[in-house]
Amino acid sequence: MKSPERTIVIGGGIAGLLAARRHALAGRQVTLLEADEVTGGAIAAQTVGGIEINTGAEAWSVGNGAVEALVAELGMADRVVSPVTGRGSRLVSAAGVHIAPPGGMFGIPASPLSRQTRQVLGTVGALRAWAERFLPAGFGLREGVTIGDYVRRRMGRRVVDRLVAPLVGGVHSADPYSLELAATLPRLPDAVRETGSLAAAVRLLRPDTTRSSGRGAGTAVRALAPTMADLPRALEAQLRERGAEVLTSTAALSVAREDGGTWQVTASTTDEGSTAVHLEAEHLVLACPPDATATLLKQIAPVLAAAIPSAPAVPVRLVALVIEAPALDAAPSGTGALVAAGTPGVRAKALTHATAKWEHVRRAADGLHVVRLSYGRPGEELPEDDSHGPHGTEGAIVDLALTDASAILGTDLDRTQLRAARVITWQRAMRRPGPGHREALARISELLDEDPRLELVGSWRAGTGIDAIVRADARAAAETASVPPPAESSSAPDPSAPAPSTPPPSPEPEPTPSTDPTQEDRP
């Protein structure tokens with residue numbers, strides 16, 4: 001009886017777990033390699049003050065139902081929850097604190113003259129944004145134009161400074177003047193040409209705009225209770241049930257390939273007394289950050305490695321606070337807030353009031369409040385993590401978080417109300433694609449078409465967010481099933497070793513934008 005084909009997946013984030021699952025469902029023997037102690041990547045949770053909270057992605061944007069279908073297949077449909085309705089979120093800037101206009105796209109307003117948009121932009125700024133309908137459809141569109149430049153030219157600087165920049169900086173840790181429009185919102189230029197205006201294009205691409213305006217922006221996401229960390233846990237459990245080998249604390253060091261096409265991976269355990277491991281497989285999936293992927297491919301596929309675009313990582317530092325403050329019961333800033341750069345007296349870029357946003361978190365907190373602040377704009381230094389003490393409540397960074405939370409929430413908060421705190425740092429979870437990113441992805445897809453036994457997966461190809469990654473994996477499933485068998489090989493894999501991972505070429509990213517900072521599913 002012929003042995004099943006083997007697949008090595010390098011990287012145990014959500015993209016790697018999905019790719020491993022796809023290959024396992026196709027009948028292949030899968031080995032997944034993850035350098036960290038646990039799988040899941042930026043989908044993680046910790047217990048703070050006795051409450052299990054998300055310390056990474058907290059939800060997924062509702063798209064075409066791909067994530068909901070996956071969750072149902074994993075037997076967790078009864079644990080899907082929606083945010084509390086009617087509270088919305090806030091935008092904080094030098095102009096004050098305002099309710100975030102619902103129904104936009106990356107902060108671009110669908111209705112420039114709506115009451116909420118006028119409150120943020122002022123009458124002059126709103127009229128300037130509304131008047132873009134009189135510009136030619138192609139105005140501002142050029143090769144490599146950034147979101148910031150494009151929106152500024154069509155709708156004015158206030159839209160960028162007070163709507164787009166807070167969202168792009170707070171949610172995506174990027175500067176709108178560094179994000180290429182075609183790579184980040186690939187469908188928007190054609191929609192503008194079709195409708196004749198940017199606002200109309202947003203309404204076309206967000207057909208629920210008029211309905212959502214009455215409900216608040218916080219209804220366009222879903223989550224799992226108690227935390228999103230149950231998604232990677234369930235994927236890993238299913239892999240193990242299907243006989244896959246999941247090797248955590250094991251980092252890939254190099255990738256080689258025999259003439260016959262068999263992939264060879266050398267790795268090492270990352271715990272004390274590191275042990276070398278060696279793997280072989282017919283299929284390889286690299287579910288790594290773009291720079292790590294290029295390094296692994298540099299010797300064996302130099303042309304492909306050189307085509308991988310630079311997408312610099314922006315470190316993000318989160319501070320989770322568990323607070324006893326009855327004044328927060330009224331959710332003074334709704335489900336959370338995005339903060340514009342340069343706002344006086346506030347260094348945080350975003351705040352999520354988790355107990356105001358999620359009913360299951362409110363119940364778990366039992367009268368306490370969970371607030372999560374985010375730091376790390378492009379070009380800014382992260383506040384030093386000097387937290388300490390039995391509950392993590394000591395240190396200047398905790399004082400900073402309390403000060404920022406007080407300003408954003410409009411409620412005085414101090415150490416006497418603090419019950420626990422936790423600082424979480426993500427060094428490489430956020431990536432910002434620059435000019436030429438979309439063309440680079442197209443070139444990578446062409447090169448991978450020539451080698452169907454190698455895949456490159458991850459948010460840097462699929463687009464930002466869980467929904468984009470799940471959709472990209474679904475599109476790859478058909479290609480995985482159609483790959484022809486390899487040449488016969490007598491070599492057998494080392495069962496103790498981890499393996500690399502390679503995804504099938506994925507189409508251009510289709511991000512799931514939102515104007516609500518607390519809706520987004522990235523840390």
# chains A, B, ... in the order shown; residues from 1 in each chain; ligands from 1
call {"tool": "residues_around", "arguments": {"residues": "Val322 (chain A)", "least_positions_apart": "3", "cutoff": "10 Å", "atoms": "only C-alpha atoms", "output": "count of residues only"}}
result
19
call {"tool": "select_by_dssp", "arguments": {"residues": "region 241-425 of chain A", "states": "alpha helix (DSSP H)", "output": "PDB file with N, CA and C atoms, in the first residue's frame"}}
result
ATOM      1  N   GLU A 241      -6.091  14.871  16.083  1.00  0.00           N
ATOM      2  CA  GLU A 241      -7.043  13.774  15.900  1.00  0.00           C
ATOM      3  C   GLU A 241      -6.851  13.078  14.556  1.00  0.00           C
ATOM      4  N   PRO A 290       6.992  37.592   6.158  1.00  0.00           N
ATOM      5  CA  PRO A 290       7.661  37.680   4.851  1.00  0.00           C
ATOM      6  C   PRO A 290       9.179  37.678   4.942  1.00  0.00           C
ATOM      7  N   ASP A 291       9.753  38.334   5.953  1.00  0.00           N
ATOM      8  CA  ASP A 291      11.211  38.352   6.041  1.00  0.00           C
ATOM      9  C   ASP A 291      11.767  36.971   6.380  1.00  0.00           C
ATOM     10  N   ALA A 292      11.089  36.242   7.268  1.00  0.00           N
ATOM     11  CA  ALA A 292      11.535  34.887   7.597  1.00  0.00           C
ATOM     12  C   ALA A 292      11.368  33.956   6.403  1.00  0.00           C
ATOM     13  N   THR A 293      10.286  34.130   5.653  1.00  0.00           N
ATOM     14  CA  THR A 293      10.059  33.319   4.454  1.00  0.00           C
ATOM     15  C   THR A 293      11.163  33.540   3.436  1.00  0.00           C
ATOM     16  N   ALA A 294      11.527  34.796   3.205  1.00  0.00           N
ATOM     17  CA  ALA A 294      12.593  35.107   2.238  1.00  0.00           C
ATOM     18  C   ALA A 294      13.919  34.508   2.669  1.00  0.00           C
ATOM     19  N   THR A 295      14.205  34.536   3.970  1.00  0.00           N
ATOM     20  CA  THR A 295      15.460  33.974   4.468  1.00  0.00           C
ATOM     21  C   THR A 295      15.516  32.474   4.229  1.00  0.00           C
ATOM     22  N   LEU A 296      14.427  31.761   4.480  1.00  0.00           N
ATOM     23  CA  LEU A 296      14.406  30.307   4.295  1.00  0.00           C
ATOM     24  C   LEU A 296      14.526  29.920   2.817  1.00  0.00           C
ATOM     25  N   LEU A 297      14.025  30.781   1.931  1.00  0.00           N
ATOM     26  CA  LEU A 297      14.028  30.449   0.504  1.00  0.00           C
ATOM     27  C   LEU A 297      15.237  30.989  -0.247  1.00  0.00           C
ATOM     28  N   PRO A 302      16.099  31.635  -5.030  1.00  0.00           N
ATOM     29  CA  PRO A 302      16.511  33.040  -4.906  1.00  0.00           C
ATOM     30  C   PRO A 302      15.599  34.025  -5.638  1.00  0.00           C
ATOM     31  N   VAL A 303      15.046  33.626  -6.780  1.00  0.00           N
ATOM     32  CA  VAL A 303      14.167  34.533  -7.520  1.00  0.00           C
ATOM     33  C   VAL A 303      12.887  34.784  -6.729  1.00  0.00           C
ATOM     34  N   LEU A 304      12.328  33.712  -6.189  1.00  0.00           N
ATOM     35  CA  LEU A 304      11.118  33.859  -5.385  1.00  0.00           C
ATOM     36  C   LEU A 304      11.398  34.658  -4.119  1.00  0.00           C
ATOM     37  N   ALA A 305      12.511  34.369  -3.468  1.00  0.00           N
ATOM     38  CA  ALA A 305      12.857  35.093  -2.237  1.00  0.00           C
ATOM     39  C   ALA A 305      13.004  36.579  -2.506  1.00  0.00           C
ATOM     40  N   ALA A 306      13.610  36.917  -3.640  1.00  0.00           N
ATOM     41  CA  ALA A 306      13.819  38.326  -3.972  1.00  0.00           C
ATOM     42  C   ALA A 306      12.511  39.034  -4.292  1.00  0.00           C
ATOM     43  N   ALA A 307      11.492  38.273  -4.720  1.00  0.00           N
ATOM     44  CA  ALA A 307      10.207  38.879  -5.085  1.00  0.00           C
ATOM     45  C   ALA A 307       9.346  39.181  -3.878  1.00  0.00           C
ATOM     46  N   ALA A 354     -13.660  46.295  27.016  1.00  0.00           N
ATOM     47  CA  ALA A 354     -14.133  44.945  26.717  1.00  0.00           C
ATOM     48  C   ALA A 354     -15.420  44.594  27.432  1.00  0.00           C
ATOM     49  N   THR A 355     -15.582  45.053  28.659  1.00  0.00           N
ATOM     50  CA  THR A 355     -16.801  44.728  29.394  1.00  0.00           C
ATOM     51  C   THR A 355     -17.998  45.529  28.904  1.00  0.00           C
ATOM     52  N   ALA A 356     -17.761  46.596  28.168  1.00  0.00           N
ATOM     53  CA  ALA A 356     -18.862  47.339  27.545  1.00  0.00           C
ATOM     54  C   ALA A 356     -19.185  46.771  26.171  1.00  0.00           C
ATOM     55  N   LYS A 357     -18.210  46.153  25.552  1.00  0.00           N
ATOM     56  CA  LYS A 357     -18.396  45.644  24.190  1.00  0.00           C
ATOM     57  C   LYS A 357     -18.965  44.235  24.158  1.00  0.00           C
ATOM     58  N   GLU A 359     -20.854  41.076  26.162  1.00  0.00           N
ATOM     59  CA  GLU A 359     -21.664  40.679  27.308  1.00  0.00           C
ATOM     60  C   GLU A 359     -21.021  39.525  28.078  1.00  0.00           C
ATOM     61  N   HIS A 360     -20.381  38.569  27.386  1.00  0.00           N
ATOM     62  CA  HIS A 360     -19.776  37.435  28.090  1.00  0.00           C
ATOM     63  C   HIS A 360     -18.581  37.880  28.931  1.00  0.00           C
ATOM     64  N   VAL A 361     -17.875  38.928  28.489  1.00  0.00           N
ATOM     65  CA  VAL A 361     -16.773  39.449  29.300  1.00  0.00           C
ATOM     66  C   VAL A 361     -17.331  40.170  30.517  1.00  0.00           C
ATOM     67  N   ARG A 362     -18.425  40.915  30.333  1.00  0.00           N
ATOM     68  CA  ARG A 362     -19.048  41.610  31.469  1.00  0.00           C
ATOM     69  C   ARG A 362     -19.471  40.610  32.546  1.00  0.00           C
ATOM     70  N   ARG A 363     -20.066  39.497  32.117  1.00  0.00           N
ATOM     71  CA  ARG A 363     -20.490  38.494  33.094  1.00  0.00           C
ATOM     72  C   ARG A 363     -19.295  37.888  33.817  1.00  0.00           C
ATOM     73  N   ALA A 364     -18.238  37.599  33.066  1.00  0.00           N
ATOM     74  CA  ALA A 364     -17.051  36.995  33.682  1.00  0.00           C
ATOM     75  C   ALA A 364     -16.381  37.960  34.655  1.00  0.00           C
ATOM     76  N   ALA A 365     -16.453  39.269  34.351  1.00  0.00           N
ATOM     77  CA  ALA A 365     -15.797  40.266  35.206  1.00  0.00           C
ATOM     78  C   ALA A 365     -16.551  40.482  36.512  1.00  0.00           C
ATOM     79  N   ALA A 396       5.627  52.465  35.712  1.00  0.00           N
ATOM     80  CA  ALA A 396       5.227  53.702  35.034  1.00  0.00           C
ATOM     81  C   ALA A 396       4.283  53.433  33.873  1.00  0.00           C
ATOM     82  N   ILE A 397       4.430  52.258  33.219  1.00  0.00           N
ATOM     83  CA  ILE A 397       3.553  51.991  32.070  1.00  0.00           C
ATOM     84  C   ILE A 397       2.109  51.808  32.527  1.00  0.00           C
ATOM     85  N   VAL A 398       1.918  51.272  33.725  1.00  0.00           N
ATOM     86  CA  VAL A 398       0.561  51.134  34.257  1.00  0.00           C
ATOM     87  C   VAL A 398      -0.006  52.513  34.599  1.00  0.00           C
ATOM     88  N   ASP A 399       0.834  53.378  35.174  1.00  0.00           N
ATOM     89  CA  ASP A 399       0.391  54.754  35.447  1.00  0.00           C
ATOM     90  C   ASP A 399      -0.014  55.460  34.154  1.00  0.00           C
ATOM     91  N   LEU A 400       0.787  55.268  33.098  1.00  0.00           N
ATOM     92  CA  LEU A 400       0.474  55.872  31.802  1.00  0.00           C
ATOM     93  C   LEU A 400      -0.873  55.368  31.290  1.00  0.00           C
ATOM     94  N   ALA A 401      -1.086  54.054  31.389  1.00  0.00           N
ATOM     95  CA  ALA A 401      -2.349  53.488  30.907  1.00  0.00           C
ATOM     96  C   ALA A 401      -3.538  54.032  31.688  1.00  0.00           C
ATOM     97  N   LEU A 402      -3.397  54.189  32.997  1.00  0.00           N
ATOM     98  CA  LEU A 402      -4.478  54.750  33.804  1.00  0.00           C
ATOM     99  C   LEU A 402      -4.770  56.199  33.413  1.00  0.00           C
ATOM    100  N   THR A 403      -3.708  56.960  33.165  1.00  0.00           N
ATOM    101  CA  THR A 403      -3.881  58.361  32.754  1.00  0.00           C
ATOM    102  C   THR A 403      -4.583  58.450  31.411  1.00  0.00           C
ATOM    103  N   ASP A 404      -4.133  57.636  30.455  1.00  0.00           N
ATOM    104  CA  ASP A 404      -4.754  57.651  29.129  1.00  0.00           C
ATOM    105  C   ASP A 404      -6.202  57.182  29.190  1.00  0.00           C
ATOM    106  N   ALA A 405      -6.456  56.118  29.956  1.00  0.00           N
ATOM    107  CA  ALA A 405      -7.822  55.617  30.072  1.00  0.00           C
ATOM    108  C   ALA A 405      -8.734  56.671  30.696  1.00  0.00           C
ATOM    109  N   SER A 406      -8.225  57.394  31.671  1.00  0.00           N
ATOM    110  CA  SER A 406      -9.020  58.453  32.299  1.00  0.00           C
ATOM    111  C   SER A 406      -9.420  59.515  31.278  1.00  0.00           C
ATOM    112  N   ALA A 407      -8.447  59.914  30.434  1.00  0.00           N
ATOM    113  CA  ALA A 407      -8.727  60.953  29.439  1.00  0.00           C
ATOM    114  C   ALA A 407      -9.709  60.466  28.379  1.00  0.00           C
ATOM    115  N   ILE A 408      -9.523  59.238  27.918  1.00  0.00           N
ATOM    116  CA  ILE A 408     -10.375  58.714  26.846  1.00  0.00           C
ATOM    117  C   ILE A 408     -11.784  58.437  27.343  1.00  0.00           C
ATOM    118  N   LEU A 409     -11.881  57.870  28.554  1.00  0.00           N
ATOM    119  CA  LEU A 409     -13.179  57.497  29.096  1.00  0.00           C
ATOM    120  C   LEU A 409     -13.884  58.644  29.818  1.00  0.00           C
TER     121      LEU A 409
END
call {"tool": "closest_atom_pairs", "arguments": {"of": "region 391-452 of chain A", "to": "region 52-69 of chain A", "cutoff": "10 Å", "atoms": "only C-alpha atoms", "output": "tab-separated table"}}
result
residue	atom	partner	partner_atom	distance
A:Arg422	CA	A:Thr55	CA	9.1
A:Val423	CA	A:Thr55	CA	9.0
A:Ile424	CA	A:Thr55	CA	6.8
A:Thr425	CA	A:Thr55	CA	9.2
A:Trp426	CA	A:Gly56	CA	8.3
A:Ala429	CA	A:Gly56	CA	9.0
call {"tool": "write_last_selection", "arguments": {"atoms": "C-alpha atoms", "output": "compact mmCIF listing (two decimals), in the first residue's frame"}}
result
# COMPACT_ATOMS: atom_id res chain seq x y z
CA ARG A 422 -0.98 42.84 32.25
CA VAL A 423 1.39 44.15 29.57
CA ILE A 424 1.57 42.21 26.29
CA THR A 425 4.01 43.00 23.49
CA TRP A 426 3.60 41.92 19.87
CA ALA A 429 2.07 40.85 14.51
call {"tool": "closest_residue", "arguments": {"among": "A:Val81, A:Ala281, A:Ile323, A:Leu235", "to": "Ala15 (chain A)", "atoms": "only C-alpha atoms"}}
result
A:Leu235
call {"tool": "residues_around", "arguments": {"residues": "region 376-387 of chain A", "least_positions_apart": "6", "cutoff": "12 Å", "atoms": "only C-alpha atoms", "output": "PyMOL selection string"}}
result
chain A and resi 165-179+312-321+338-342+347-350+393-401+420-432+523
call {"tool": "atom_distance", "arguments": {"atom1": "CA of Leu181 (chain A)", "atom2": "CA of Thr146 (chain A)"}}
result
4.9 Å
call {"tool": "residues_around", "arguments": {"residues": "Leu141 (chain A)", "least_positions_apart": "3", "cutoff": "10 Å", "atoms": "only C-alpha atoms", "output": "list in words"}}
result
Ala137, Gly138, Gly144, Val145, Thr146, Asp149, Tyr150, Val151, Arg153, Arg154, Leu181, Ala182, Pro189, Val192 and Arg193 of chain A
call {"tool": "write_last_selection", "arguments": {"atoms": "C-alpha atoms", "output": "PDB file, in the first residue's frame"}}
result
ATOM      1  CA  ALA A 137     -13.746  59.678 -11.165  1.00  0.00           C
ATOM      2  CA  GLY A 138     -10.080  59.182 -11.943  1.00  0.00           C
ATOM      3  CA  GLY A 144       1.448  53.490  -6.187  1.00  0.00           C
ATOM      4  CA  VAL A 145      -0.721  56.197  -4.586  1.00  0.00           C
ATOM      5  CA  THR A 146      -1.134  55.789  -0.845  1.00  0.00           C
ATOM      6  CA  ASP A 149      -2.564  60.927  -0.410  1.00  0.00           C
ATOM      7  CA  TYR A 150      -5.601  59.668  -2.301  1.00  0.00           C
ATOM      8  CA  VAL A 151      -8.176  60.492   0.391  1.00  0.00           C
ATOM      9  CA  ARG A 153      -6.771  64.898  -2.554  1.00  0.00           C
ATOM     10  CA  ARG A 154     -10.389  63.787  -2.937  1.00  0.00           C
ATOM     11  CA  LEU A 181      -4.170  52.039  -1.905  1.00  0.00           C
ATOM     12  CA  ALA A 182      -4.117  49.209  -4.474  1.00  0.00           C
ATOM     13  CA  PRO A 189     -10.365  52.261  -7.317  1.00  0.00           C
ATOM     14  CA  VAL A 192     -14.808  54.858  -7.632  1.00  0.00           C
ATOM     15  CA  ARG A 193     -14.606  54.660 -11.419  1.00  0.00           C
TER      16      ARG A 193
END
call {"tool": "select_by_dssp", "arguments": {"residues": "region 24-160 of chain A", "states": "strand (DSSP E)", "output": "PyMOL selection string"}}
result
chain A and resi 29-33+45-48+51-54+60-61+80-81+90-93+96-99
call {"tool": "write_last_selection", "arguments": {"atoms": "N, CA, C and O atoms", "output": "short mmCIF file (atom, residue, chain, number, x, y, z; two decimals), in the first residue's frame"}}
result
data_model
loop_
_atom_site.label_atom_id
_atom_site.label_comp_id
_atom_site.auth_asym_id
_atom_site.auth_seq_id
_atom_site.Cartn_x
_atom_site.Cartn_y
_atom_site.Cartn_z
N GLN A 29 0.06 13.24 5.37
CA GLN A 29 0.65 13.18 6.70
C GLN A 29 1.31 14.52 6.98
O GLN A 29 2.26 14.91 6.30
N VAL A 30 0.82 15.22 7.99
CA VAL A 30 1.23 16.61 8.22
C VAL A 30 2.10 16.72 9.46
O VAL A 30 1.80 16.12 10.50
N THR A 31 3.15 17.51 9.34
CA THR A 31 3.94 17.93 10.50
C THR A 31 3.97 19.44 10.52
O THR A 31 4.31 20.08 9.52
N LEU A 32 3.56 20.02 11.63
CA LEU A 32 3.55 21.48 11.77
C LEU A 32 4.62 21.89 12.77
O LEU A 32 4.74 21.31 13.85
N LEU A 33 5.38 22.89 12.41
CA LEU A 33 6.49 23.38 13.21
C LEU A 33 6.21 24.79 13.70
O LEU A 33 5.91 25.68 12.91
N ALA A 45 -4.74 34.40 24.49
CA ALA A 45 -5.50 34.84 25.66
C ALA A 45 -4.67 34.59 26.92
O ALA A 45 -3.79 33.74 26.94
N GLN A 46 -4.94 35.38 27.94
CA GLN A 46 -4.33 35.20 29.25
C GLN A 46 -5.37 35.48 30.33
O GLN A 46 -6.39 36.13 30.07
N THR A 47 -5.10 34.98 31.52
CA THR A 47 -5.97 35.26 32.66
C THR A 47 -5.40 36.43 33.44
O THR A 47 -4.26 36.38 33.90
N VAL A 48 -6.18 37.49 33.56
CA VAL A 48 -5.77 38.70 34.27
C VAL A 48 -6.80 38.99 35.35
O VAL A 48 -7.99 39.19 35.04
N ILE A 51 -9.82 36.79 35.22
CA ILE A 51 -10.69 36.89 34.04
C ILE A 51 -9.88 36.50 32.81
O ILE A 51 -8.82 37.08 32.56
N GLU A 52 -10.36 35.53 32.04
CA GLU A 52 -9.66 35.17 30.80
C GLU A 52 -10.01 36.21 29.73
O GLU A 52 -11.18 36.42 29.41
N ILE A 53 -8.98 36.88 29.19
CA ILE A 53 -9.21 37.95 28.21
C ILE A 53 -8.35 37.72 26.98
O ILE A 53 -7.32 37.05 27.03
N ASN A 54 -8.79 38.29 25.87
CA ASN A 54 -8.00 38.25 24.64
C ASN A 54 -6.80 39.17 24.80
O ASN A 54 -6.95 40.33 25.20
N TRP A 60 -13.50 38.60 14.65
CA TRP A 60 -13.30 38.60 13.21
C TRP A 60 -14.35 39.48 12.55
O TRP A 60 -15.48 39.59 13.04
N SER A 61 -13.98 40.12 11.46
CA SER A 61 -14.92 40.95 10.71
C SER A 61 -15.86 40.04 9.93
O SER A 61 -15.43 39.06 9.31
N VAL A 80 -20.44 31.41 19.32
CA VAL A 80 -20.26 32.66 18.58
C VAL A 80 -21.08 33.77 19.24
O VAL A 80 -22.27 33.58 19.53
N VAL A 81 -20.45 34.90 19.48
CA VAL A 81 -21.13 36.02 20.14
C VAL A 81 -20.94 37.29 19.31
O VAL A 81 -20.00 37.41 18.52
N ARG A 90 -15.78 55.63 19.78
CA ARG A 90 -15.46 57.06 19.76
C ARG A 90 -14.18 57.33 18.99
O ARG A 90 -13.30 56.47 18.87
N LEU A 91 -14.07 58.55 18.50
CA LEU A 91 -12.84 59.08 17.93
C LEU A 91 -12.36 60.20 18.83
O LEU A 91 -13.13 61.13 19.13
N VAL A 92 -11.10 60.15 19.24
CA VAL A 92 -10.54 61.15 20.13
C VAL A 92 -9.44 61.90 19.38
O VAL A 92 -8.53 61.28 18.80
N SER A 93 -9.53 63.20 19.38
CA SER A 93 -8.53 64.02 18.68
C SER A 93 -8.47 65.37 19.36
O SER A 93 -9.15 65.63 20.36
N GLY A 96 -11.69 66.98 20.07
CA GLY A 96 -12.58 66.49 21.11
C GLY A 96 -12.86 65.01 20.96
O GLY A 96 -12.17 64.28 20.24
N VAL A 97 -13.88 64.53 21.66
CA VAL A 97 -14.31 63.13 21.62
C VAL A 97 -15.64 63.06 20.90
O VAL A 97 -16.61 63.75 21.29
N HIS A 98 -15.72 62.25 19.85
CA HIS A 98 -16.95 62.16 19.05
C HIS A 98 -17.28 60.70 18.77
O HIS A 98 -16.39 59.85 18.72
N ILE A 99 -18.55 60.45 18.55
CA ILE A 99 -18.98 59.10 18.14
C ILE A 99 -18.44 58.83 16.75
O ILE A 99 -18.54 59.67 15.84
#
call {"tool": "atom_distance", "arguments": {"atom1": "CA of Ala72 (chain A)", "atom2": "CA of Leu18 (chain A)"}}
result
14.6 Å
call {"tool": "closest_residue", "arguments": {"among": "A:Asp230, A:Gly122, A:Ile10, A:Pro433", "to": "Asp36 (chain A)", "atoms": "only C-alpha atoms"}}
result
A:Ile10
call {"tool": "atom_distance", "arguments": {"atom1": "CA of Gly103 (chain A)", "atom2": "CA of Leu188 (chain A)"}}
result
14.9 Å
call {"tool": "closest_residue", "arguments": {"among": "A:Arg203, A:Asp190, A:Glu282, A:Glu324", "to": "Thr416 (chain A)", "atoms": "only C-alpha atoms"}}
result
A:Glu324
